[in-house]
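Asks: Input: one structure, supplied below.
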Amino acid sequence: MTVENKVIISAALTGAVTPKDINENIPLTPEEIARDVYACWKAGAAVVHLHMRDDNGIGTMDPAKFKETIRLIRAHEDCDVIINCTTSGDNRATDAQRMEHVATLDGIEMASYDAGSFNWMPGGVFTNSPKFLGELGQVLMNRGIKPEIEIFDSGMLGVAGYFMKEGKLSIPGHYQFCLGVLGGMPATVENLLYLKSKLPAGSTWSAFGIGKDHLPIMYAALALGGNIRVGLEDNVYFSKGVKATNLQLVERAADAIRLFGKEPASPAQAREILGIKPLVR
């Protein structure tokens, strides 16, 4: 299988915070999330990044919600999308609760690994302690789950590198540059270029910008040879004042990749690029 000229689209569908009264298209229930997963996969998304919400629409790390959503996704026998689950979907959760699903559930192929703590303005501190990161990396390695190393600021590259040297984070790494969060690095092309220049040899990477910055970062990532992430977790508008759907955002990303002269990677091609084992049902 050739993976040259392929770009991975990751669809982050829900997030942990934004309510439906901001955009009624945000999927909250396992049924709604699985529906969007299937539509986005058909449109070209190779990876789906999953957050769960409780019955009140608040972010939760409830393993039962993850399990049911995964079951509904795989109920589509033709859907081979890569399932990537968050480990930071509820700022009230303990470290153990943040890892329970990746430690116990089958069907999770990737998981977020937020490589450091910072002041997520204006809401509070996004805490990812050294103890938590060491334990999480070990759990992911033990279960064969690919870490998605989320980088909000440049110092987090050093944190990830430390745990790689300690043998507590798998190598080579896949990095997701999360730009535009107030308290992290602004979403500029200069910052993206800097982060890319500091990656260890053999790494793969993807990027996204929050809100209005999603398009500049998407196009810059394409120009720099990276992969891209889109979805209502990061941006709720298709254009100024026009609310988006996850499907619309994936379709636009796929069109941009083709206009750039490349092709969206299939899930099988994305697994090869990322070093993930082939899907076994």
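By order in the structure tokens, chains are A, B, ...; within a chain, residues start at 1; ligands start at 1, following the order shown.
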Which neighbours of A:Asn227 fall inside 12 Å, counting only C-alpha atoms, when residues of the same chain fewer than 5 positions from it are skipped, and could you give them as an mmCIF file with N, CA, C and O atoms, in the first residue's frame?
Replies:
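Result file is out-v6.cif:
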```
data_model
loop_
_atom_site.group_PDB
_atom_site.id
_atom_site.type_symbol
_atom_site.label_atom_id
_atom_site.label_comp_id
_atom_site.auth_asym_id
_atom_site.auth_seq_id
_atom_site.Cartn_x
_atom_site.Cartn_y
_atom_site.Cartn_z
ATOM 1 N N ASN A 5 1.945 11.021 -0.694
ATOM 2 C CA ASN A 5 0.953 11.996 -1.144
ATOM 3 C C ASN A 5 -0.369 11.899 -0.390
ATOM 4 O O ASN A 5 -1.392 12.394 -0.868
ATOM 5 N N LYS A 6 -0.365 11.257 0.780
ATOM 6 C CA LYS A 6 -1.592 11.106 1.564
ATOM 7 C C LYS A 6 -1.554 12.015 2.790
ATOM 8 O O LYS A 6 -0.512 12.175 3.430
ATOM 9 N N VAL A 7 -2.690 12.590 3.111
ATOM 10 C CA VAL A 7 -2.827 13.479 4.267
ATOM 11 C C VAL A 7 -3.940 12.943 5.157
ATOM 12 O O VAL A 7 -5.054 12.673 4.690
ATOM 13 N N ILE A 8 -3.640 12.800 6.442
ATOM 14 C CA ILE A 8 -4.622 12.293 7.397
ATOM 15 C C ILE A 8 -5.530 13.423 7.860
ATOM 16 O O ILE A 8 -5.054 14.460 8.329
ATOM 17 N N ILE A 9 -6.825 13.217 7.728
ATOM 18 C CA ILE A 9 -7.810 14.124 8.317
ATOM 19 C C ILE A 9 -8.295 13.504 9.615
ATOM 20 O O ILE A 9 -8.787 12.381 9.641
ATOM 21 N N SER A 10 -8.143 14.256 10.703
ATOM 22 C CA SER A 10 -8.689 13.867 11.998
ATOM 23 C C SER A 10 -9.878 14.768 12.301
ATOM 24 O O SER A 10 -9.774 15.992 12.174
ATOM 25 N N ALA A 11 -10.987 14.170 12.685
ATOM 26 C CA ALA A 11 -12.209 14.930 12.982
ATOM 27 C C ALA A 11 -12.467 14.902 14.484
ATOM 28 O O ALA A 11 -12.718 13.840 15.055
ATOM 29 N N ALA A 45 -12.500 11.446 6.575
ATOM 30 C CA ALA A 45 -11.778 11.445 7.855
ATOM 31 C C ALA A 45 -11.242 10.049 8.133
ATOM 32 O O ALA A 45 -11.989 9.071 8.122
ATOM 33 N N ALA A 46 -9.941 9.963 8.409
ATOM 34 C CA ALA A 46 -9.331 8.674 8.743
ATOM 35 C C ALA A 46 -9.332 8.425 10.240
ATOM 36 O O ALA A 46 -9.259 7.279 10.679
ATOM 37 N N VAL A 47 -9.385 9.505 11.027
ATOM 38 C CA VAL A 47 -9.341 9.433 12.490
ATOM 39 C C VAL A 47 -10.494 10.246 13.053
ATOM 40 O O VAL A 47 -10.802 11.329 12.541
ATOM 41 N N HIS A 174 3.665 10.756 17.478
ATOM 42 C CA HIS A 174 2.752 11.507 16.614
ATOM 43 C C HIS A 174 2.301 12.725 17.409
ATOM 44 O O HIS A 174 1.716 12.595 18.486
ATOM 45 N N TYR A 175 2.569 13.904 16.866
ATOM 46 C CA TYR A 175 2.331 15.159 17.567
ATOM 47 C C TYR A 175 1.134 15.897 16.958
ATOM 48 O O TYR A 175 1.001 15.972 15.734
ATOM 49 N N GLN A 176 0.292 16.435 17.839
ATOM 50 C CA GLN A 176 -0.822 17.270 17.410
ATOM 51 C C GLN A 176 -0.581 18.676 17.957
ATOM 52 O O GLN A 176 -0.584 18.892 19.172
ATOM 53 N N PHE A 177 -0.333 19.625 17.069
ATOM 54 C CA PHE A 177 -0.094 21.003 17.489
ATOM 55 C C PHE A 177 -1.439 21.706 17.657
ATOM 56 O O PHE A 177 -2.196 21.874 16.687
ATOM 57 N N LYS A 196 7.340 22.603 14.138
ATOM 58 C CA LYS A 196 7.722 21.548 13.206
ATOM 59 C C LYS A 196 9.234 21.388 13.163
ATOM 60 O O LYS A 196 9.750 20.254 13.103
ATOM 61 N N SER A 203 9.243 11.624 13.328
ATOM 62 C CA SER A 203 7.930 11.938 13.893
ATOM 63 C C SER A 203 6.904 12.178 12.794
ATOM 64 O O SER A 203 7.239 12.561 11.670
ATOM 65 N N THR A 204 5.636 11.973 13.135
ATOM 66 C CA THR A 204 4.537 12.441 12.305
ATOM 67 C C THR A 204 3.826 13.551 13.072
ATOM 68 O O THR A 204 3.942 13.652 14.297
ATOM 69 N N TRP A 205 3.096 14.397 12.341
ATOM 70 C CA TRP A 205 2.462 15.527 13.027
ATOM 71 C C TRP A 205 1.206 16.002 12.301
ATOM 72 O O TRP A 205 0.997 15.726 11.125
ATOM 73 N N SER A 206 0.408 16.709 13.068
ATOM 74 C CA SER A 206 -0.837 17.296 12.593
ATOM 75 C C SER A 206 -1.002 18.625 13.314
ATOM 76 O O SER A 206 -0.292 18.904 14.290
ATOM 77 N N ALA A 207 -1.923 19.453 12.843
ATOM 78 C CA ALA A 207 -2.107 20.750 13.479
ATOM 79 C C ALA A 207 -3.529 21.251 13.288
ATOM 80 O O ALA A 207 -4.222 20.872 12.344
ATOM 81 N N PHE A 208 -3.929 22.114 14.211
ATOM 82 C CA PHE A 208 -5.185 22.846 14.046
ATOM 83 C C PHE A 208 -5.095 24.178 14.770
ATOM 84 O O PHE A 208 -4.305 24.358 15.703
ATOM 85 N N ILE A 217 -4.184 27.787 9.716
ATOM 86 C CA ILE A 217 -3.344 26.683 10.194
ATOM 87 C C ILE A 217 -3.542 25.439 9.336
ATOM 88 O O ILE A 217 -2.584 24.703 9.061
ATOM 89 N N MET A 218 -4.761 25.179 8.882
ATOM 90 C CA MET A 218 -4.988 24.026 8.011
ATOM 91 C C MET A 218 -4.178 24.158 6.725
ATOM 92 O O MET A 218 -3.484 23.217 6.310
ATOM 93 N N TYR A 219 -4.239 25.327 6.093
ATOM 94 C CA TYR A 219 -3.505 25.512 4.845
ATOM 95 C C TYR A 219 -1.997 25.488 5.075
ATOM 96 O O TYR A 219 -1.240 24.951 4.253
ATOM 97 N N ALA A 220 -1.550 26.063 6.192
ATOM 98 C CA ALA A 220 -0.123 26.046 6.494
ATOM 99 C C ALA A 220 0.367 24.629 6.751
ATOM 100 O O ALA A 220 1.468 24.253 6.324
ATOM 101 N N ALA A 221 -0.425 23.840 7.460
ATOM 102 C CA ALA A 221 -0.041 22.450 7.715
ATOM 103 C C ALA A 221 0.105 21.683 6.400
ATOM 104 O O ALA A 221 1.045 20.898 6.231
ATOM 105 N N LEU A 222 -0.803 21.910 5.475
ATOM 106 C CA LEU A 222 -0.693 21.267 4.162
ATOM 107 C C LEU A 222 0.594 21.696 3.466
ATOM 108 O O LEU A 222 1.320 20.869 2.906
ATOM 109 N N ALA A 253 -12.015 20.147 4.264
ATOM 110 C CA ALA A 253 -10.627 19.705 4.414
ATOM 111 C C ALA A 253 -10.230 18.754 3.289
ATOM 112 O O ALA A 253 -9.128 18.861 2.733
ATOM 113 N N ALA A 254 -11.118 17.826 2.951
ATOM 114 C CA ALA A 254 -10.824 16.882 1.875
ATOM 115 C C ALA A 254 -10.677 17.604 0.539
ATOM 116 O O ALA A 254 -9.773 17.287 -0.262
ATOM 117 N N ALA A 256 -9.700 20.711 0.154
ATOM 118 C CA ALA A 256 -8.451 21.469 0.199
ATOM 119 C C ALA A 256 -7.259 20.567 -0.092
ATOM 120 O O ALA A 256 -6.326 20.965 -0.804
ATOM 121 N N ILE A 257 -7.274 19.356 0.462
ATOM 122 C CA ILE A 257 -6.185 18.409 0.219
ATOM 123 C C ILE A 257 -6.094 18.076 -1.268
ATOM 124 O O ILE A 257 -5.003 18.063 -1.858
ATOM 125 N N LYS A 262 -2.873 16.514 -3.324
ATOM 126 C CA LYS A 262 -2.710 15.298 -2.556
ATOM 127 C C LYS A 262 -4.064 14.616 -2.382
ATOM 128 O O LYS A 262 -5.048 15.034 -2.973
ATOM 129 N N GLU A 263 -4.101 13.557 -1.579
ATOM 130 C CA GLU A 263 -5.325 12.811 -1.360
ATOM 131 C C GLU A 263 -5.530 12.551 0.123
ATOM 132 O O GLU A 263 -4.555 12.314 0.853
ATOM 133 N N PRO A 264 -6.784 12.573 0.590
ATOM 134 C CA PRO A 264 -7.037 12.174 1.983
ATOM 135 C C PRO A 264 -6.638 10.722 2.194
ATOM 136 O O PRO A 264 -6.939 9.848 1.377
ATOM 137 N N ALA A 265 -5.936 10.460 3.282
ATOM 138 C CA ALA A 265 -5.543 9.087 3.607
ATOM 139 C C ALA A 265 -6.761 8.290 4.044
ATOM 140 O O ALA A 265 -7.622 8.792 4.775
ATOM 141 N N ALA A 270 -3.683 5.570 6.971
ATOM 142 C CA ALA A 270 -3.318 6.320 8.174
ATOM 143 C C ALA A 270 -2.686 5.403 9.219
ATOM 144 O O ALA A 270 -1.729 5.796 9.903
ATOM 145 N N ILE A 273 0.876 4.957 8.185
ATOM 146 C CA ILE A 273 1.655 6.166 8.434
ATOM 147 C C ILE A 273 1.979 6.317 9.918
ATOM 148 O O ILE A 273 3.094 6.677 10.297
ATOM 149 N N LEU A 274 0.996 6.022 10.767
ATOM 150 C CA LEU A 274 1.123 6.248 12.202
ATOM 151 C C LEU A 274 1.736 5.069 12.955
ATOM 152 O O LEU A 274 2.035 5.186 14.146
#
```
Asks: Mind checking which residues fall within 6 Å of A:Gly134, counting only C-alpha atoms, ignoring those fewer than 3 positions away in the same chain, and posting them as a VMD selection string?
Replies: chain A and resid 131 137 168
Asks: Would you mind exporting all heavy atoms of the selected residues as a short mmCIF file (atom, residue, chain, number, x, y, z; two decimals), in the first residue's frame?
Replies:
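Contents of selection.cif, freshly written:
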```cif
data_model
loop_
_atom_site.label_atom_id
_atom_site.label_comp_id
_atom_site.auth_asym_id
_atom_site.auth_seq_id
_atom_site.Cartn_x
_atom_site.Cartn_y
_atom_site.Cartn_z
N LYS A 131 3.65 12.95 37.15
CA LYS A 131 3.20 11.63 37.61
C LYS A 131 2.13 11.07 36.68
O LYS A 131 2.18 9.90 36.27
CB LYS A 131 2.66 11.73 39.03
CG LYS A 131 2.15 10.42 39.62
CD LYS A 131 1.72 10.62 41.07
CE LYS A 131 1.23 9.30 41.70
NZ LYS A 131 -0.01 8.82 41.08
N GLY A 137 1.50 7.30 29.85
CA GLY A 137 2.34 6.76 28.78
C GLY A 137 2.56 5.27 28.93
O GLY A 137 2.56 4.53 27.95
N LYS A 168 8.87 5.76 28.81
CA LYS A 168 7.49 5.81 29.24
C LYS A 168 6.56 6.44 28.20
O LYS A 168 5.41 6.75 28.49
CB LYS A 168 7.38 6.57 30.57
CG LYS A 168 8.10 5.88 31.71
CD LYS A 168 7.96 6.65 33.01
CE LYS A 168 8.65 5.92 34.15
NZ LYS A 168 8.54 6.67 35.43
#
```
Asks: Determine which residues of stretch 20-228 of chain A receive a DSSP assignment of strand (DSSP E or B), computed from the backbone, and state them as number ranges by chain.
Replies: A: 47-50, 52-53, 59-60, 82-85, 110-114, 118-120, 124-126, 146-151, 174-179, 182, 184, 204-209, 227-228
Asks: Write out as a VMD selection string each polymer residue whose atoms come within 12 Å of A:Arg98, counting only C-alpha atoms; drop sequence neighbours fewer than 4 positions from it.
Replies: chain A and resid 51 to 52 59 to 63 66 85 to 94 102 to 104 111 to 114 127 to 128 132 to 133 135 to 136 139
Asks: Got time to write the residues from that selection, N, CA and C atoms, as a tab-separated table (two decimals), in the first residue's frame?
Replies:
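For reference, out14.tsv as written:
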```tsv
chain	number	residue	atom	x	y	z
A	51	HIS	N	-14.70	12.90	22.48
A	51	HIS	CA	-15.02	13.33	23.84
A	51	HIS	C	-16.43	12.83	24.15
A	52	MET	N	-16.69	12.62	25.43
A	52	MET	CA	-18.02	12.22	25.86
A	52	MET	C	-18.67	13.33	26.68
A	59	GLY	N	-18.87	17.65	29.96
A	59	GLY	CA	-17.81	16.69	29.66
A	59	GLY	C	-17.64	15.65	30.75
A	60	THR	N	-17.45	14.41	30.33
A	60	THR	CA	-17.31	13.30	31.28
A	60	THR	C	-16.29	12.31	30.77
A	61	MET	N	-15.68	11.59	31.71
A	61	MET	CA	-14.76	10.50	31.36
A	61	MET	C	-15.40	9.14	31.64
A	62	ASP	N	-16.70	9.07	31.68
A	62	ASP	CA	-17.44	7.85	31.98
A	62	ASP	C	-17.10	6.75	30.95
A	63	PRO	N	-16.46	5.66	31.38
A	63	PRO	CA	-16.11	4.60	30.43
A	63	PRO	C	-17.31	4.00	29.72
A	66	PHE	N	-17.93	5.95	26.55
A	66	PHE	CA	-16.96	5.60	25.51
A	66	PHE	C	-17.29	4.22	24.92
A	85	CYS	N	-9.44	8.46	21.49
A	85	CYS	CA	-10.21	8.95	22.63
A	85	CYS	C	-9.41	9.94	23.46
A	86	THR	N	-10.09	10.95	23.95
A	86	THR	CA	-9.45	11.92	24.83
A	86	THR	C	-9.12	11.30	26.18
A	87	THR	N	-8.12	11.87	26.84
A	87	THR	CA	-7.86	11.56	28.25
A	87	THR	C	-8.01	12.82	29.10
A	88	SER	N	-8.65	13.84	28.53
A	88	SER	CA	-8.79	15.11	29.26
A	88	SER	C	-10.18	15.71	29.04
A	89	GLY	N	-11.21	14.88	29.19
A	89	GLY	CA	-12.55	15.32	28.88
A	89	GLY	C	-13.35	15.88	30.04
A	90	ASP	N	-12.74	15.99	31.23
A	90	ASP	CA	-13.47	16.47	32.40
A	90	ASP	C	-12.46	16.98	33.43
A	91	ASN	N	-12.46	18.30	33.65
A	91	ASN	CA	-11.45	18.85	34.57
A	91	ASN	C	-11.72	18.52	36.03
A	92	ARG	N	-12.83	17.84	36.31
A	92	ARG	CA	-13.12	17.37	37.68
A	92	ARG	C	-12.60	15.96	37.91
A	93	ALA	N	-12.19	15.28	36.85
A	93	ALA	CA	-11.81	13.87	36.96
A	93	ALA	C	-10.46	13.70	37.62
A	94	THR	N	-10.30	12.61	38.35
A	94	THR	CA	-9.01	12.25	38.91
A	94	THR	C	-8.12	11.67	37.81
A	102	VAL	N	-8.90	3.94	28.72
A	102	VAL	CA	-7.80	3.42	27.91
A	102	VAL	C	-7.16	2.20	28.57
A	103	ALA	N	-7.33	2.05	29.86
A	103	ALA	CA	-6.77	0.91	30.57
A	103	ALA	C	-7.65	-0.33	30.50
A	104	THR	N	-8.93	-0.16	30.18
A	104	THR	CA	-9.87	-1.28	30.30
A	104	THR	C	-10.66	-1.60	29.05
A	111	ALA	N	-5.00	7.72	21.69
A	111	ALA	CA	-5.51	8.49	22.82
A	111	ALA	C	-4.67	9.75	22.98
A	112	SER	N	-5.32	10.82	23.41
A	112	SER	CA	-4.60	12.08	23.59
A	112	SER	C	-3.64	11.98	24.77
A	113	TYR	N	-2.49	12.64	24.63
A	113	TYR	CA	-1.46	12.71	25.64
A	113	TYR	C	-1.04	14.18	25.70
A	114	ASP	N	-1.68	14.93	26.60
A	114	ASP	CA	-1.45	16.38	26.68
A	114	ASP	C	-0.16	16.62	27.47
A	127	THR	N	-4.29	20.74	34.07
A	127	THR	CA	-3.25	20.03	34.81
A	127	THR	C	-2.93	18.68	34.19
A	128	ASN	N	-1.66	18.51	33.88
A	128	ASN	CA	-1.12	17.22	33.41
A	128	ASN	C	0.23	17.04	34.10
A	132	PHE	N	1.14	11.90	36.35
A	132	PHE	CA	0.07	11.46	35.45
A	132	PHE	C	0.62	11.08	34.09
A	133	LEU	N	1.49	11.91	33.53
A	133	LEU	CA	2.01	11.64	32.19
A	133	LEU	C	2.85	10.37	32.15
A	135	GLU	N	2.46	7.74	34.10
A	135	GLU	CA	1.53	6.61	34.23
A	135	GLU	C	0.73	6.42	32.95
A	136	LEU	N	0.25	7.52	32.37
A	136	LEU	CA	-0.55	7.42	31.14
A	136	LEU	C	0.27	6.83	30.01
A	139	VAL	N	0.52	3.12	30.47
A	139	VAL	CA	-0.73	2.43	30.16
A	139	VAL	C	-0.91	2.30	28.65
```
Asks: Skip A:Val159 itself and residues of its chain fewer than 4 positions away, then list as a PyMOL selection string all residues within 7 Å of it, counting only C-alpha atoms.
Replies: chain A and resi 115-116+155+163
Asks: Give me, please, the distance in Å between atom CA of A:Glu109 and atom CA of A:Trp41, quoted to one decimal.
Replies: 15.6 Å
Asks: With only C-alpha atoms as the atoms that count, which of A:Pro216, A:Arg229, A:Arg71, A:Asn235 lies nearest to A:Glu150?
Replies: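 Closest residue, counting only C-alpha atoms: A:Arg229.
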Asks: My list of candidates is A:Gly173, A:Gly183, A:Gly161, A:Pro122. Which is closest to A:Ile149 when distances are computed with only C-alpha atoms?
Replies: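 Using only C-alpha atoms, the shortest distance to A:Ile149 belongs to A:Gly173.
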Asks: Quick one: of A:Asn119, A:Gln97, A:Ser170, A:Ser154, who's nearest to A:Leu182, counting only C-alpha atoms?
Replies: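 Among the listed residues, A:Asn119 lies closest to A:Leu182.
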Asks: So what do you get for atom CA of A:Gly226 versus atom CA of A:Pro278, distance-wise?
Replies: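 About the pair atom CA of A:Gly226 and atom CA of A:Pro278: they are 22.0 Å apart.
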Asks: A:Lys67: which residues within 9 Å, counting only C-alpha atoms, same-chain residues fewer than 2 positions away excluded, as an MDAnalysis selection string?
Replies: chainID A and resid 62:65 69:72 101 105:107
Asks: Extract the full set of helix (DSSP H, G or I) residues from stretch 180-278 of chain A according to DSSP on the backbone, and format it as number ranges by chain.
Replies: A: 189-197, 211-223, 246-259, 267-274
Asks: With N, CA and C atoms retained, could you export that selection as a CSV table (one decimal), in the first residue's frame?
Replies:
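Generated file (again.csv):
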```csv
chain,number,residue,atom,x,y,z
A,189,VAL,N,1.4,31.0,11.6
A,189,VAL,CA,2.3,30.2,10.7
A,189,VAL,C,3.7,30.1,11.3
A,190,GLU,N,4.2,31.2,11.8
A,190,GLU,CA,5.5,31.3,12.4
A,190,GLU,C,5.7,30.3,13.5
A,191,ASN,N,4.7,30.2,14.4
A,191,ASN,CA,4.7,29.3,15.5
A,191,ASN,C,4.7,27.8,15.0
A,192,LEU,N,3.8,27.6,14.0
A,192,LEU,CA,3.7,26.2,13.5
A,192,LEU,C,5.1,25.8,12.8
A,193,LEU,N,5.7,26.7,12.1
A,193,LEU,CA,7.0,26.4,11.5
A,193,LEU,C,8.0,26.1,12.5
A,194,TYR,N,8.0,26.9,13.6
A,194,TYR,CA,9.0,26.7,14.7
A,194,TYR,C,8.8,25.3,15.3
A,195,LEU,N,7.5,25.0,15.7
A,195,LEU,CA,7.3,23.7,16.3
A,195,LEU,C,7.7,22.5,15.4
A,196,LYS,N,7.3,22.6,14.1
A,196,LYS,CA,7.7,21.5,13.2
A,196,LYS,C,9.2,21.4,13.2
A,197,SER,N,10.0,22.5,13.2
A,197,SER,CA,11.4,22.4,13.1
A,197,SER,C,12.1,21.8,14.3
A,211,GLY,N,-11.0,28.3,16.4
A,211,GLY,CA,-11.9,29.4,15.9
A,211,GLY,C,-11.5,29.9,14.6
A,212,LYS,N,-11.4,31.2,14.5
A,212,LYS,CA,-11.1,31.8,13.2
A,212,LYS,C,-9.8,31.4,12.6
A,213,ASP,N,-8.9,30.9,13.4
A,213,ASP,CA,-7.6,30.5,12.9
A,213,ASP,C,-7.5,29.1,12.3
A,214,HIS,N,-8.6,28.5,12.3
A,214,HIS,CA,-8.6,27.1,11.8
A,214,HIS,C,-8.1,27.0,10.3
A,215,LEU,N,-8.6,27.9,9.5
A,215,LEU,CA,-8.2,27.8,8.1
A,215,LEU,C,-6.8,28.2,7.8
A,216,PRO,N,-6.2,29.3,8.4
A,216,PRO,CA,-4.8,29.5,8.1
A,216,PRO,C,-3.9,28.4,8.6
A,217,ILE,N,-4.2,27.8,9.7
A,217,ILE,CA,-3.3,26.7,10.2
A,217,ILE,C,-3.5,25.4,9.3
A,218,MET,N,-4.8,25.2,8.9
A,218,MET,CA,-5.0,24.0,8.0
A,218,MET,C,-4.2,24.2,6.7
A,219,TYR,N,-4.2,25.3,6.1
A,219,TYR,CA,-3.5,25.5,4.8
A,219,TYR,C,-2.0,25.5,5.1
A,220,ALA,N,-1.6,26.1,6.2
A,220,ALA,CA,-0.1,26.0,6.5
A,220,ALA,C,0.4,24.6,6.8
A,221,ALA,N,-0.4,23.8,7.5
A,221,ALA,CA,0.0,22.5,7.7
A,221,ALA,C,0.1,21.7,6.4
A,222,LEU,N,-0.8,21.9,5.5
A,222,LEU,CA,-0.7,21.3,4.2
A,222,LEU,C,0.6,21.7,3.5
A,223,ALA,N,0.9,23.0,3.5
A,223,ALA,CA,2.1,23.5,2.8
A,223,ALA,C,3.4,23.0,3.4
A,246,ASN,N,-19.9,19.0,11.5
A,246,ASN,CA,-18.7,18.3,11.4
A,246,ASN,C,-18.5,17.8,10.0
A,247,LEU,N,-19.5,17.4,9.3
A,247,LEU,CA,-19.4,16.9,7.9
A,247,LEU,C,-18.9,18.0,7.0
A,248,GLN,N,-19.5,19.2,7.1
A,248,GLN,CA,-19.0,20.3,6.3
A,248,GLN,C,-17.5,20.6,6.5
A,249,LEU,N,-17.1,20.5,7.7
A,249,LEU,CA,-15.7,20.8,7.9
A,249,LEU,C,-14.7,19.7,7.4
A,250,VAL,N,-15.1,18.5,7.5
A,250,VAL,CA,-14.4,17.4,6.9
A,250,VAL,C,-14.4,17.5,5.4
A,251,GLU,N,-15.5,17.8,4.8
A,251,GLU,CA,-15.6,17.9,3.3
A,251,GLU,C,-14.7,19.0,2.8
A,252,ARG,N,-14.7,20.1,3.5
A,252,ARG,CA,-13.9,21.2,3.1
A,252,ARG,C,-12.4,20.8,3.2
A,253,ALA,N,-12.0,20.1,4.3
A,253,ALA,CA,-10.6,19.7,4.4
A,253,ALA,C,-10.2,18.8,3.3
A,254,ALA,N,-11.1,17.8,3.0
A,254,ALA,CA,-10.8,16.9,1.9
A,254,ALA,C,-10.7,17.6,0.5
A,255,ASP,N,-11.5,18.6,0.3
A,255,ASP,CA,-11.4,19.4,-0.9
A,255,ASP,C,-10.1,20.1,-1.0
A,256,ALA,N,-9.7,20.7,0.2
A,256,ALA,CA,-8.5,21.5,0.2
A,256,ALA,C,-7.3,20.6,-0.1
A,257,ILE,N,-7.3,19.4,0.5
A,257,ILE,CA,-6.2,18.4,0.2
A,257,ILE,C,-6.1,18.1,-1.3
A,258,ARG,N,-7.2,17.8,-1.9
A,258,ARG,CA,-7.2,17.5,-3.3
A,258,ARG,C,-6.8,18.7,-4.2
A,259,LEU,N,-7.2,19.9,-3.8
A,259,LEU,CA,-6.8,21.1,-4.6
A,259,LEU,C,-5.3,21.3,-4.4
A,267,PRO,N,-8.3,5.2,6.4
A,267,PRO,CA,-7.9,4.7,7.7
A,267,PRO,C,-6.8,3.7,7.6
A,268,ALA,N,-6.8,2.8,6.6
A,268,ALA,CA,-5.7,1.8,6.5
A,268,ALA,C,-4.4,2.5,6.2
A,269,GLN,N,-4.4,3.5,5.3
A,269,GLN,CA,-3.2,4.2,5.0
A,269,GLN,C,-2.7,5.0,6.2
A,270,ALA,N,-3.7,5.6,7.0
A,270,ALA,CA,-3.3,6.3,8.2
A,270,ALA,C,-2.7,5.4,9.2
A,271,ARG,N,-3.2,4.2,9.4
A,271,ARG,CA,-2.6,3.2,10.3
A,271,ARG,C,-1.1,3.0,9.9
A,272,GLU,N,-0.9,2.8,8.6
A,272,GLU,CA,0.5,2.6,8.1
A,272,GLU,C,1.4,3.8,8.4
A,273,ILE,N,0.9,5.0,8.2
A,273,ILE,CA,1.7,6.2,8.4
A,273,ILE,C,2.0,6.3,9.9
A,274,LEU,N,1.0,6.0,10.8
A,274,LEU,CA,1.1,6.2,12.2
A,274,LEU,C,1.7,5.1,13.0
```
Asks: Closest to A:Ile228 among A:Val242, A:Ala43, A:Ala12, A:Val3, using only C-alpha atoms?
Replies: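 Answer, going by the shortest atom-to-atom distance: A:Ala12.
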